>>> print(open('query-v6.pdb').read())   # PDB, C-alpha atoms and all ligand atoms
MODEL        1
ATOM      1  CA  MET A   1       0.000   0.000   0.000
ATOM      2  CA  LYS A   2       1.200   3.535  -0.763
ATOM      3  CA  SER A   3       1.963   5.895   2.104
ATOM      4  CA  LYS A   4      -0.733   8.414   1.057
ATOM      5  CA  GLN A   5      -3.352   5.660   1.166
ATOM      6  CA  LEU A   6      -2.130   4.395   4.514
ATOM      7  CA  ALA A   7      -2.111   7.905   6.009
ATOM      8  CA  TRP A   8      -5.710   8.392   4.873
ATOM      9  CA  LEU A   9      -6.746   5.093   6.452
ATOM     10  CA  ILE A  10      -4.945   5.933   9.714
ATOM     11  CA  ARG A  11      -6.918   9.189   9.848
ATOM     12  CA  ARG A  12     -10.228   7.486   8.981
ATOM     13  CA  HIS A  13      -9.672   4.736  11.573
ATOM     14  CA  GLY A  14      -8.595   7.377  14.094
ATOM     15  CA  ILE A  15     -11.847   9.302  13.656
ATOM     16  CA  GLU A  16     -13.930   6.120  13.967
ATOM     17  CA  MET A  17     -11.985   4.690  16.924
ATOM     18  CA  THR A  18     -12.153   7.866  19.000
ATOM     19  CA  HIS A  19     -15.795   8.437  17.977
ATOM     20  CA  LEU A  20     -16.862   4.928  19.002
ATOM     21  CA  SER A  21     -14.902   4.868  22.246
ATOM     22  CA  GLY A  22     -15.162   8.482  23.346
ATOM     23  CA  GLY A  23     -11.379   8.303  23.482
ATOM     24  CA  SER A  24      -9.040  11.290  23.465
ATOM     25  CA  HIS A  25      -6.032  12.401  21.430
ATOM     26  CA  ILE A  26      -7.412  12.662  17.908
ATOM     27  CA  GLY A  27      -5.271  15.794  17.352
ATOM     28  CA  ALA A  28      -2.107  13.840  18.198
ATOM     29  CA  ILE A  29      -3.180  10.938  15.947
ATOM     30  CA  MET A  30      -3.745  13.300  13.007
ATOM     31  CA  SER A  31      -0.400  15.081  13.362
ATOM     32  CA  VAL A  32       1.646  11.857  13.374
ATOM     33  CA  ALA A  33      -0.374   9.965  10.714
ATOM     34  CA  ASP A  34       1.908  10.891   7.796
ATOM     35  CA  ILE A  35       5.140   9.979   9.601
ATOM     36  CA  ILE A  36       3.752   6.597  10.635
ATOM     37  CA  ALA A  37       2.358   5.945   7.172
ATOM     38  CA  VAL A  38       5.727   6.577   5.491
ATOM     39  CA  LEU A  39       7.475   4.388   8.070
ATOM     40  CA  TYR A  40       5.081   1.451   7.591
ATOM     41  CA  ALA A  41       4.602   1.806   3.816
ATOM     42  CA  ASP A  42       8.188   2.538   2.756
ATOM     43  CA  ILE A  43      10.820   2.266   5.471
ATOM     44  CA  LEU A  44      10.386  -0.374   8.179
ATOM     45  CA  ASN A  45      11.447  -3.930   7.572
ATOM     46  CA  PHE A  46       8.816  -6.232   9.172
ATOM     47  CA  ASP A  47       6.903  -9.439   8.631
ATOM     48  CA  PRO A  48       3.285  -9.381   9.866
ATOM     49  CA  ASN A  49       3.281 -13.180   9.944
ATOM     50  CA  ASN A  50       6.317 -13.221  12.206
ATOM     51  CA  PRO A  51       6.066 -10.089  14.395
ATOM     52  CA  LYS A  52       9.077 -11.027  16.557
ATOM     53  CA  LYS A  53      11.387 -11.841  13.644
ATOM     54  CA  ASP A  54      14.910 -11.125  14.811
ATOM     55  CA  THR A  55      15.904  -9.087  11.766
ATOM     56  CA  ARG A  56      12.919  -6.696  11.977
ATOM     57  CA  ASP A  57      13.442  -2.993  12.434
ATOM     58  CA  ARG A  58      12.316  -1.860  15.880
ATOM     59  CA  PHE A  59       9.736   0.893  16.243
ATOM     60  CA  ILE A  60       8.471   2.675  19.343
ATOM     61  CA  LEU A  61       5.661   5.239  19.393
ATOM     62  CA  SER A  62       6.796   6.987  22.534
ATOM     63  CA  LYS A  63       3.908   9.483  22.416
ATOM     64  CA  GLY A  64       1.741   6.500  23.273
ATOM     65  CA  HIS A  65      -1.457   8.508  23.668
ATOM     66  CA  ALA A  66      -1.660   8.438  19.842
ATOM     67  CA  GLY A  67      -1.957   4.636  20.050
ATOM     68  CA  ALA A  68      -4.878   4.517  17.610
ATOM     69  CA  ALA A  69      -2.488   5.611  14.842
ATOM     70  CA  ILE A  70      -0.108   2.719  15.398
ATOM     71  CA  TYR A  71      -2.908   0.183  15.858
ATOM     72  CA  ALA A  72      -4.434   1.324  12.567
ATOM     73  CA  ALA A  73      -1.063   1.085  10.771
ATOM     74  CA  LEU A  74      -0.438  -2.407  12.161
ATOM     75  CA  ALA A  75      -3.910  -3.670  11.232
ATOM     76  CA  GLU A  76      -3.639  -2.221   7.717
ATOM     77  CA  SER A  77      -0.180  -3.822   7.412
ATOM     78  CA  GLY A  78      -1.597  -7.275   8.180
ATOM     79  CA  PHE A  79      -0.668  -7.833  11.843
ATOM     80  CA  PHE A  80      -4.330  -8.332  12.856
ATOM     81  CA  ASP A  81      -7.843  -7.846  11.491
ATOM     82  CA  THR A  82      -8.961  -4.236  11.003
ATOM     83  CA  GLU A  83     -12.344  -5.235  12.575
ATOM     84  CA  GLU A  84     -10.568  -5.411  15.936
ATOM     85  CA  LEU A  85      -9.863  -1.663  15.762
ATOM     86  CA  LYS A  86     -13.484  -1.091  16.801
ATOM     87  CA  THR A  87     -12.670  -2.523  20.245
ATOM     88  CA  HIS A  88     -10.128   0.218  20.995
ATOM     89  CA  TYR A  89     -10.489   1.499  24.597
ATOM     90  CA  ARG A  90     -13.145  -1.127  25.464
ATOM     91  CA  ASN A  91     -12.944  -3.257  28.594
ATOM     92  CA  GLY A  92     -11.143  -6.500  27.766
ATOM     93  CA  SER A  93      -9.684  -5.247  24.483
ATOM     94  CA  ARG A  94      -5.969  -5.645  23.935
ATOM     95  CA  LEU A  95      -6.075  -2.357  22.010
ATOM     96  CA  SER A  96      -5.752  -0.247  25.127
ATOM     97  CA  GLY A  97      -5.934   3.542  24.897
ATOM     98  CA  HIS A  98      -2.166   3.839  25.044
ATOM     99  CA  VAL A  99       0.206   1.505  23.213
ATOM    100  CA  SER A 100       0.455  -2.055  24.548
ATOM    101  CA  HIS A 101       3.200  -4.559  23.737
ATOM    102  CA  HIS A 102       0.582  -7.327  23.941
ATOM    103  CA  VAL A 103      -0.456  -6.248  20.442
ATOM    104  CA  PRO A 104       1.407  -8.052  17.620
ATOM    105  CA  GLY A 105       3.957  -5.721  16.036
ATOM    106  CA  VAL A 106       4.422  -3.531  19.118
ATOM    107  CA  ASP A 107       7.938  -3.632  20.584
ATOM    108  CA  PHE A 108       7.390  -1.538  23.691
ATOM    109  CA  SER A 109       4.420  -0.297  25.751
ATOM    110  CA  THR A 110       4.165   3.478  26.051
ATOM    111  CA  GLY A 111       1.875   6.135  27.479
ATOM    112  CA  SER A 112       3.960   7.440  30.320
ATOM    113  CA  LEU A 113       5.873  10.022  28.315
ATOM    114  CA  GLY A 114       9.670  10.218  28.347
ATOM    115  CA  HIS A 115      10.647   6.547  28.162
ATOM    116  CA  GLY A 116      10.585   5.641  24.467
ATOM    117  CA  LEU A 117      13.899   7.200  23.502
ATOM    118  CA  SER A 118      15.693   5.452  26.384
ATOM    119  CA  ALA A 119      14.239   2.107  25.344
ATOM    120  CA  ALA A 120      15.077   2.651  21.675
ATOM    121  CA  ALA A 121      18.643   3.681  22.579
ATOM    122  CA  GLY A 122      19.005   0.478  24.609
ATOM    123  CA  MET A 123      17.741  -1.562  21.665
ATOM    124  CA  ALA A 124      20.173   0.220  19.348
ATOM    125  CA  LEU A 125      23.114  -0.453  21.671
ATOM    126  CA  ALA A 126      22.117  -4.124  21.992
ATOM    127  CA  ALA A 127      21.922  -4.423  18.196
ATOM    128  CA  LYS A 128      25.418  -2.972  17.850
ATOM    129  CA  GLN A 129      26.841  -5.287  20.482
ATOM    130  CA  ASP A 130      25.214  -8.295  18.804
ATOM    131  CA  LYS A 131      26.412  -7.097  15.351
ATOM    132  CA  LYS A 132      22.851  -6.931  14.014
ATOM    133  CA  GLU A 133      21.890  -4.798  11.018
ATOM    134  CA  HIS A 134      18.339  -3.716  11.878
ATOM    135  CA  LYS A 135      17.508  -0.075  12.643
ATOM    136  CA  ASN A 136      15.722   1.353  15.658
ATOM    137  CA  TYR A 137      13.122   4.097  15.240
ATOM    138  CA  VAL A 138      11.244   6.091  17.850
ATOM    139  CA  VAL A 139       8.656   8.872  17.563
ATOM    140  CA  ILE A 140       8.466  11.320  20.459
ATOM    141  CA  GLY A 141       6.315  14.414  21.005
ATOM    142  CA  ASP A 142       7.640  17.957  21.301
ATOM    143  CA  GLY A 143       5.876  18.369  24.646
ATOM    144  CA  GLU A 144       7.481  15.079  25.626
ATOM    145  CA  CYS A 145      10.844  16.831  25.147
ATOM    146  CA  ASN A 146      10.094  18.546  28.473
ATOM    147  CA  GLU A 147      10.861  15.200  30.160
ATOM    148  CA  GLY A 148      14.411  15.114  31.560
ATOM    149  CA  SER A 149      14.832  11.438  30.674
ATOM    150  CA  VAL A 150      14.715  12.370  26.967
ATOM    151  CA  TRP A 151      17.941  14.332  27.382
ATOM    152  CA  GLU A 152      19.647  11.626  29.407
ATOM    153  CA  ALA A 153      18.905   9.214  26.574
ATOM    154  CA  ALA A 154      20.074  11.811  24.025
ATOM    155  CA  LEU A 155      23.482  12.009  25.715
ATOM    156  CA  PHE A 156      23.671   8.224  26.007
ATOM    157  CA  ALA A 157      22.958   7.723  22.299
ATOM    158  CA  VAL A 158      25.724  10.122  21.257
ATOM    159  CA  HIS A 159      28.192   8.676  23.754
ATOM    160  CA  PHE A 160      27.749   5.208  22.257
ATOM    161  CA  GLY A 161      27.690   6.450  18.641
ATOM    162  CA  LEU A 162      24.287   4.897  17.964
ATOM    163  CA  ASP A 163      24.026   5.535  14.231
ATOM    164  CA  ASN A 164      21.419   2.760  14.018
ATOM    165  CA  LEU A 165      18.986   4.950  16.000
ATOM    166  CA  VAL A 166      16.561   7.448  14.437
ATOM    167  CA  CYS A 167      14.395   9.654  16.619
ATOM    168  CA  ILE A 168      11.534  11.566  14.999
ATOM    169  CA  VAL A 169      10.108  14.493  16.966
ATOM    170  CA  ASP A 170       6.470  15.200  16.098
ATOM    171  CA  HIS A 171       6.881  18.961  16.354
ATOM    172  CA  ASN A 172       3.271  20.209  16.346
ATOM    173  CA  HIS A 173       4.097  23.019  18.782
ATOM    174  CA  MET A 174       1.351  21.961  21.203
ATOM    175  CA  GLN A 175       0.951  19.654  24.146
ATOM    176  CA  SER A 176      -2.185  18.797  26.128
ATOM    177  CA  LEU A 177      -3.192  22.093  27.701
ATOM    178  CA  ASP A 178      -1.099  24.777  26.072
ATOM    179  CA  THR A 179       1.493  25.496  23.415
ATOM    180  CA  CYS A 180       4.984  24.083  24.027
ATOM    181  CA  GLU A 181       6.315  27.628  23.949
ATOM    182  CA  ASN A 182       4.114  28.585  26.922
ATOM    183  CA  VAL A 183       4.851  25.515  29.050
ATOM    184  CA  ILE A 184       8.633  25.009  28.883
ATOM    185  CA  SER A 185      10.174  26.371  25.708
ATOM    186  CA  THR A 186      12.547  24.098  23.783
ATOM    187  CA  THR A 187      13.170  26.681  21.066
ATOM    188  CA  PRO A 188      15.201  26.253  18.916
ATOM    189  CA  LEU A 189      14.565  22.527  19.044
ATOM    190  CA  SER A 190      17.009  21.715  16.222
ATOM    191  CA  GLY A 191      19.767  23.726  17.922
ATOM    192  CA  ILE A 192      19.332  21.869  21.204
ATOM    193  CA  TRP A 193      19.643  18.443  19.534
ATOM    194  CA  GLN A 194      22.627  19.698  17.545
ATOM    195  CA  SER A 195      24.361  20.858  20.714
ATOM    196  CA  PHE A 196      23.869  17.374  22.164
ATOM    197  CA  GLY A 197      25.826  16.031  19.163
ATOM    198  CA  TRP A 198      23.014  14.542  17.072
ATOM    199  CA  ASN A 199      22.745  14.576  13.298
ATOM    200  CA  VAL A 200      19.729  16.865  12.848
ATOM    201  CA  ILE A 201      17.345  17.059   9.886
ATOM    202  CA  GLU A 202      14.352  19.415   9.875
ATOM    203  CA  ILE A 203      11.385  18.694   7.600
ATOM    204  CA  ASP A 204       7.679  19.240   7.043
ATOM    205  CA  GLY A 205       6.415  16.136   8.827
ATOM    206  CA  ASN A 206       3.113  16.115   6.962
ATOM    207  CA  ASP A 207       4.906  15.973   3.586
ATOM    208  CA  HIS A 208       5.453  12.371   2.515
ATOM    209  CA  ALA A 209       8.325  13.070   0.123
ATOM    210  CA  GLN A 210      10.257  14.933   2.825
ATOM    211  CA  CYS A 211       9.544  12.228   5.436
ATOM    212  CA  TYR A 212      10.714   9.554   3.003
ATOM    213  CA  GLU A 213      13.904  11.357   2.004
ATOM    214  CA  ALA A 214      14.894  12.050   5.623
ATOM    215  CA  LEU A 215      14.160   8.500   6.781
ATOM    216  CA  LYS A 216      15.717   6.784   3.773
ATOM    217  CA  ASN A 217      18.847   8.857   3.223
ATOM    218  CA  GLY A 218      19.271  11.058   6.290
ATOM    219  CA  THR A 219      21.466   8.983   8.584
ATOM    220  CA  VAL A 220      25.233   9.478   8.950
ATOM    221  CA  LYS A 221      27.997   7.271  10.306
ATOM    222  CA  GLY A 222      28.948   7.528  13.973
ATOM    223  CA  LYS A 223      26.032   9.490  15.438
ATOM    224  CA  PRO A 224      22.309   9.105  16.018
ATOM    225  CA  THR A 225      19.874  11.013  13.804
ATOM    226  CA  VAL A 226      16.945  13.142  14.888
ATOM    227  CA  ILE A 227      14.291  14.272  12.434
ATOM    228  CA  ILE A 228      12.484  17.391  13.609
ATOM    229  CA  ALA A 229       9.175  16.871  11.837
ATOM    230  CA  ASN A 230       7.155  20.079  11.799
ATOM    231  CA  THR A 231       3.524  19.035  11.829
ATOM    232  CA  VAL A 232       0.057  20.429  12.444
ATOM    233  CA  LYS A 233      -1.903  19.060  15.376
ATOM    234  CA  GLY A 234      -5.262  17.832  14.040
ATOM    235  CA  LYS A 235      -3.902  17.786  10.456
ATOM    236  CA  GLY A 236      -6.489  16.899   7.823
ATOM    237  CA  ILE A 237      -9.686  18.062   9.542
ATOM    238  CA  SER A 238     -10.076  21.821   9.151
ATOM    239  CA  TYR A 239     -11.810  22.543  12.455
ATOM    240  CA  MET A 240      -9.328  20.438  14.437
ATOM    241  CA  GLU A 241      -6.122  21.908  13.004
ATOM    242  CA  ASN A 242      -4.052  23.817  15.568
ATOM    243  CA  ASP A 243      -6.967  23.794  18.032
ATOM    244  CA  LEU A 244      -5.966  22.548  21.472
ATOM    245  CA  LEU A 245      -9.514  21.353  22.176
ATOM    246  CA  TRP A 246      -8.853  18.260  20.065
ATOM    247  CA  HIS A 247      -6.116  16.949  22.307
ATOM    248  CA  TYR A 248      -8.842  15.590  24.598
ATOM    249  CA  ARG A 249     -12.221  16.029  22.880
ATOM    250  CA  PHE A 250     -13.459  13.253  20.593
ATOM    251  CA  PRO A 251     -15.605  13.762  17.468
ATOM    252  CA  HIS A 252     -19.169  13.686  18.800
ATOM    253  CA  ASP A 253     -22.312  12.589  16.948
ATOM    254  CA  GLY A 254     -23.658  15.264  14.631
ATOM    255  CA  TRP A 255     -21.638  17.855  12.753
ATOM    256  CA  GLU A 256     -18.324  16.984  14.411
ATOM    257  CA  TYR A 257     -18.292  13.378  13.155
ATOM    258  CA  ASP A 258     -20.100  14.125   9.885
ATOM    259  CA  THR A 259     -17.812  17.024   8.951
ATOM    260  CA  ALA A 260     -14.668  15.016   9.757
ATOM    261  CA  VAL A 261     -15.778  12.074   7.592
ATOM    262  CA  THR A 262     -16.951  14.353   4.784
ATOM    263  CA  GLU A 263     -13.686  16.301   4.725
ATOM    264  CA  LEU A 264     -11.709  13.058   4.606
ATOM    265  CA  HIS A 265     -13.874  11.827   1.727
ATOM    266  CA  ASN A 266     -13.236  15.032  -0.173
ATOM    267  CA  ASN A 267      -9.510  14.180  -0.059
ATOM    268  CA  LYS A 268      -9.596  10.407  -0.470
ATOM    269  CA  PRO A 269      -6.721   9.013  -2.564
ATOM    270  CA  ASP A 270      -7.554   6.593  -5.382
ATOM    271  CA  GLY A 271      -7.562   2.927  -4.514
ATOM    272  CA  VAL A 272      -8.749   3.292  -0.905
ATOM    273  CA  THR A 273     -12.043   1.957   0.431
ATOM    274  CA  ASP A 274     -13.490   3.531   3.562
ATOM    275  CA  PRO A 275     -14.210   0.567   5.865
ATOM    276  CA  TYR A 276     -16.978   2.385   7.779
ATOM    277  CA  THR A 277     -18.802   4.733   5.416
ATOM    278  CA  PRO A 278     -17.795   3.550   1.910
ATOM    279  CA  ASN A 279     -19.790   6.279   0.158
ATOM    280  CA  GLY A 280     -19.261   9.003   2.700
ATOM    281  CA  ILE A 281     -22.235  10.427   4.593
ATOM    282  CA  GLU A 282     -25.297  11.075   2.471
ATOM    283  CA  ASN A 283     -26.744  14.093   4.254
ATOM    284  CA  PRO A 284     -24.044  15.235   6.624
ATOM    285  CA  VAL A 285     -25.122  17.352   9.558
ATOM    286  CA  THR A 286     -23.437  20.729   9.175
ATOM    287  CA  PRO A 287     -22.542  23.105  11.991
ATOM    288  CA  ASP A 288     -25.277  25.667  12.688
ATOM    289  CA  GLU A 289     -24.368  29.323  12.787
ATOM    290  CA  ASN A 290     -23.747  29.288  16.536
ATOM    291  CA  ALA A 291     -21.538  26.207  16.459
ATOM    292  CA  ASP A 292     -18.249  26.547  18.234
ATOM    293  CA  ILE A 293     -16.164  25.914  15.133
ATOM    294  CA  TYR A 294     -12.812  27.239  13.927
ATOM    295  CA  ASN A 295     -12.256  28.784  17.354
ATOM    296  CA  ASP A 296      -9.057  28.603  19.317
ATOM    297  CA  HIS A 297     -10.086  26.750  22.453
ATOM    298  CA  THR A 298      -6.940  27.475  24.410
ATOM    299  CA  MET A 299      -8.985  29.702  26.722
ATOM    300  CA  SER A 300     -11.654  27.077  27.369
ATOM    301  CA  ALA A 301      -9.225  24.322  28.346
ATOM    302  CA  THR A 302     -10.078  22.775  31.698
ATOM    303  CA  HIS A 303      -7.001  24.379  33.255
ATOM    304  CA  LYS A 304      -6.443  27.985  32.322
ATOM    305  CA  PRO A 305      -2.978  28.244  30.788
ATOM    306  CA  THR A 306      -0.518  30.196  32.888
ATOM    307  CA  TRP A 307      -0.068  32.969  30.340
ATOM    308  CA  PHE A 308      -3.840  33.533  30.334
ATOM    309  CA  THR A 309      -4.024  34.043  34.108
ATOM    310  CA  LYS A 310      -0.964  36.291  34.011
ATOM    311  CA  GLU A 311      -2.550  38.532  31.373
ATOM    312  CA  LYS A 312      -5.715  38.799  33.471
ATOM    313  CA  GLU A 313      -3.753  39.943  36.489
ATOM    314  CA  GLN A 314      -2.076  42.822  34.645
TER     315      GLN A 314
HETATM  316  C1  LIG A 401       4.858  11.181  32.208
HETATM  317  C2  LIG A 401       3.576  11.717  31.662
HETATM  318  N1  LIG A 401       3.117  12.917  32.098
HETATM  319  C3  LIG A 401       1.942  13.415  31.620
HETATM  320  C4  LIG A 401       1.205  12.704  30.715
HETATM  321  C5  LIG A 401      -0.130  13.244  30.246
HETATM  322  N2  LIG A 401      -0.078  13.648  28.834
HETATM  323  C6  LIG A 401      -0.625  12.899  27.870
HETATM  324  S1  LIG A 401      -0.428  13.562  26.348
HETATM  325  C7  LIG A 401       0.408  14.886  26.972
HETATM  326  C8  LIG A 401       0.922  15.965  26.070
HETATM  327  C9  LIG A 401       1.992  15.477  25.188
HETATM  328  O1  LIG A 401       2.373  16.478  24.272
HETATM  329  P1  LIG A 401       3.285  16.115  23.080
HETATM  330  O2  LIG A 401       4.408  15.268  23.521
HETATM  331  O3  LIG A 401       3.635  17.389  22.413
HETATM  332  O4  LIG A 401       2.357  15.211  22.166
HETATM  333  P2  LIG A 401       1.242  15.641  21.091
HETATM  334  O5  LIG A 401      -0.064  15.236  21.679
HETATM  335  O6  LIG A 401       1.317  17.113  20.870
HETATM  336  O7  LIG A 401       1.587  14.895  19.872
HETATM  337  C10 LIG A 401       0.518  14.793  28.364
HETATM  338  C11 LIG A 401       1.180  15.792  29.204
HETATM  339  C12 LIG A 401       1.714  11.450  30.295
HETATM  340  N3  LIG A 401       1.063  10.703  29.393
HETATM  341  N4  LIG A 401       2.902  10.995  30.764
HETATM  342 MG    MG A 402       3.108  18.224  20.651
ENDMDL
END
>>> encode(input="query-v6.pdb", output="structure tokens", more="lines below")
Ligand SMILES: Cc1ncc(C[n+]2csc(CCOP(=O)(O)OP(=O)(O)O)c2C)c(N)n1
Ligand SMILES: [Mg+2]
Amino acid sequence: MKSKQLAWLIRRHGIEMTHLSGGSHIGAIMSVADIIAVLYADILNFDPNNPKKDTRDRFILSKGHAGAAIYAALAESGFFDTEELKTHYRNGSRLSGHVSHHVPGVDFSTGSLGHGLSAAAGMALAAKQDKKEHKNYVVIGDGECNEGSVWEAALFAVHFGLDNLVCIVDHNHMQSLDTCENVISTTPLSGIWQSFGWNVIEIDGNDHAQCYEALKNGTVKGKPTVIIANTVKGKGISYMENDLLWHYRFPHDGWEYDTAVTELHNNKPDGVTDPYTPNGIENPVTPDENADIYNDHTMSATHKPTWFTKEKEQ
């Protein structure tokens, strides 16, 4: 399957899975969909019939709250039936809200942010010591870069010259309740990684050609590589893009779900069948004139961001 088709399916499954379950993090799923699609369509070496094959490339989605994206990619790549995706977040389902290693194709459970890079660095070191050729990939969030353990692992990877390790930062400039800039700034992100001694590549992380080029040809000998992938949180659904509300809110019945599905259908690549609404939605509910759409919901987050309270006090 082509990466554009896979990215579309990840987004369509993501909408359905969060809609059915009332689960969070659709914005995070949408921003990382293109990176994961390029990895699974064009880069990673894996065998869905032998998920633990020794020669496989290792992959960790460290921003494990976007688990629906990886579950969708694995199901579409043949690791398990896509029907199972409907059980996401349900009691008894192995497709837990955050990523579980009980799912075939998953190398490491995540959800508690800040651990994926350490685990991937350990895997990369083990591969070197065992003289194995596979590569080790990890996707982390930019908010996750506020975790101190990320920087401990960053030093470790350079110290051991882990050139079989590729870290992709999903740089959507937002975390759960505020922009990264307002919480703890890591600007300039590329400069920080460079100063730690990493090989740094900066790309548009929603552009498949740029993702492919960086992943395929971006590594260098002797040091680990980080790809700063500039993305848009909520990418692909106009009213979700760059709106913090969609970190936690799920697409509700009515115009939210209908608009999301309709917008995806308006941009469906050839050769893809929508597993849920093959012909789109016949008479989609549209937002009425008072609908809370295209607004920046930063102010209505459950916790008022610090900069908001500060402004009020002045
Ligand atoms: C150790 C830890 N602290 C807090 C959380 C709660 N949490 C879940 S998602 C999130 C924001 C993550 O932001 P970012 O890494 O930028 O990911 P994005 O959703 O923007 O892709 C937080 C703080 C967590 N999962 N783990
Ligand atoms: Mg982020």
>>> resolve_selection(input="query-v6.pdb", expression="the PyMOL selection byres (((not hetatm)) within 9 of (chain A and resi 402))", output="PyMOL selection string")
chain A and resi 28+31+63+140-144+169-176+179-180+231+233
>>> resolve_selection(input="query-v6.pdb", expression="the PyMOL selection byres (((chain A and resi 154) around 9) and not hetatm)", output="PyMOL selection string")
chain A and resi 117-118+121+149-153+155-159+193+196-198+224
>>> write_last_selection(input="query-v6.pdb", atoms="C-alpha atoms", output="mmCIF file, in the coordinates of the input")
data_model
loop_
_atom_site.group_PDB
_atom_site.id
_atom_site.type_symbol
_atom_site.label_atom_id
_atom_site.label_comp_id
_atom_site.auth_asym_id
_atom_site.auth_seq_id
_atom_site.Cartn_x
_atom_site.Cartn_y
_atom_site.Cartn_z
ATOM 1 C CA LEU A 117 13.899 7.200 23.502
ATOM 2 C CA SER A 118 15.693 5.452 26.384
ATOM 3 C CA ALA A 121 18.643 3.681 22.579
ATOM 4 C CA SER A 149 14.832 11.438 30.674
ATOM 5 C CA VAL A 150 14.715 12.370 26.967
ATOM 6 C CA TRP A 151 17.941 14.332 27.382
ATOM 7 C CA GLU A 152 19.647 11.626 29.407
ATOM 8 C CA ALA A 153 18.905 9.214 26.574
ATOM 9 C CA LEU A 155 23.482 12.009 25.715
ATOM 10 C CA PHE A 156 23.671 8.224 26.007
ATOM 11 C CA ALA A 157 22.958 7.723 22.299
ATOM 12 C CA VAL A 158 25.724 10.122 21.257
ATOM 13 C CA HIS A 159 28.192 8.676 23.754
ATOM 14 C CA TRP A 193 19.643 18.443 19.534
ATOM 15 C CA PHE A 196 23.869 17.374 22.164
ATOM 16 C CA GLY A 197 25.826 16.031 19.163
ATOM 17 C CA TRP A 198 23.014 14.542 17.072
ATOM 18 C CA PRO A 224 22.309 9.105 16.018
#
>>> closest_residue(input="query-v6.pdb", among="A:Lys235, A:Arg58, A:His19, A:Lys131", to="ligand LIG 401 (chain A)", atoms="all atoms listed in the file")
A:Lys235
>>> resolve_selection(input="query-v6.pdb", expression="the PyMOL selection byres (((chain A and resi 239-244) around 9) and not hetatm)", output="VMD selection string")
chain A and resid 26 to 27 30 to 31 172 to 179 232 to 238 245 to 248 256 259 to 260 293 to 298 301
>>> closest_residue(input="query-v6.pdb", among="A:Leu125, A:Ala41, A:Cys145, A:Val106", to="ligand LIG 401 (chain A)", atoms="all atoms listed in the file")
A:Cys145
>>> axis_aligned_box(input="query-v6.pdb", around="region 275-286 of chain A", padding_each_side="8 Å", output="AutoDock Vina command-line options")
--center_x -20.5 --center_y 10.6 --center_z 4.9 --size_x 28.5 --size_y 36.2 --size_z 25.4
>>> atom_distance(input="query-v6.pdb", atom1="CA of Gly14 (chain A)", atom2="CA of Ala214 (chain A)")
25.4 Å
>>> atom_distance(input="query-v6.pdb", atom1="CA of Val261 (chain A)", atom2="CA of Glu76 (chain A)")
18.8 Å
>>> closest_residue(input="query-v6.pdb", among="A:Asn182, A:Asp34, A:Glu263, A:Ser3", to="Ala229 (chain A)", atoms="all atoms listed in the file")
A:Asp34
>>> build_atoms(input="query-v6.pdb", residues="region 35-46 of chain A", atoms="N, CA and C atoms", output="short mmCIF file (atom, residue, chain, number, x, y, z; two decimals), keeping the file's coordinate frame")
data_model
loop_
_atom_site.label_atom_id
_atom_site.label_comp_id
_atom_site.auth_asym_id
_atom_site.auth_seq_id
_atom_site.Cartn_x
_atom_site.Cartn_y
_atom_site.Cartn_z
N ILE A 35 3.85 10.57 9.23
CA ILE A 35 5.14 9.98 9.60
C ILE A 35 4.99 8.46 9.73
N ILE A 36 3.95 8.04 10.43
CA ILE A 36 3.75 6.60 10.64
C ILE A 36 3.45 5.89 9.32
N ALA A 37 2.69 6.56 8.47
CA ALA A 37 2.36 5.94 7.17
C ALA A 37 3.61 5.74 6.34
N VAL A 38 4.50 6.73 6.29
CA VAL A 38 5.73 6.58 5.49
C VAL A 38 6.60 5.48 6.10
N LEU A 39 6.69 5.44 7.42
CA LEU A 39 7.48 4.39 8.07
C LEU A 39 6.95 3.01 7.68
N TYR A 40 5.64 2.79 7.82
CA TYR A 40 5.08 1.45 7.59
C TYR A 40 4.96 1.11 6.11
N ALA A 41 4.75 2.11 5.25
CA ALA A 41 4.60 1.81 3.82
C ALA A 41 5.96 1.65 3.14
N ASP A 42 6.97 2.44 3.57
CA ASP A 42 8.19 2.54 2.76
C ASP A 42 9.50 2.26 3.48
N ILE A 43 9.52 2.28 4.78
CA ILE A 43 10.82 2.27 5.47
C ILE A 43 11.05 1.00 6.30
N LEU A 44 10.14 0.71 7.21
CA LEU A 44 10.39 -0.37 8.18
C LEU A 44 10.43 -1.75 7.52
N ASN A 45 11.36 -2.54 7.99
CA ASN A 45 11.45 -3.93 7.57
C ASN A 45 10.70 -4.76 8.62
N PHE A 46 9.59 -5.42 8.22
CA PHE A 46 8.82 -6.23 9.17
C PHE A 46 8.11 -7.35 8.44
#
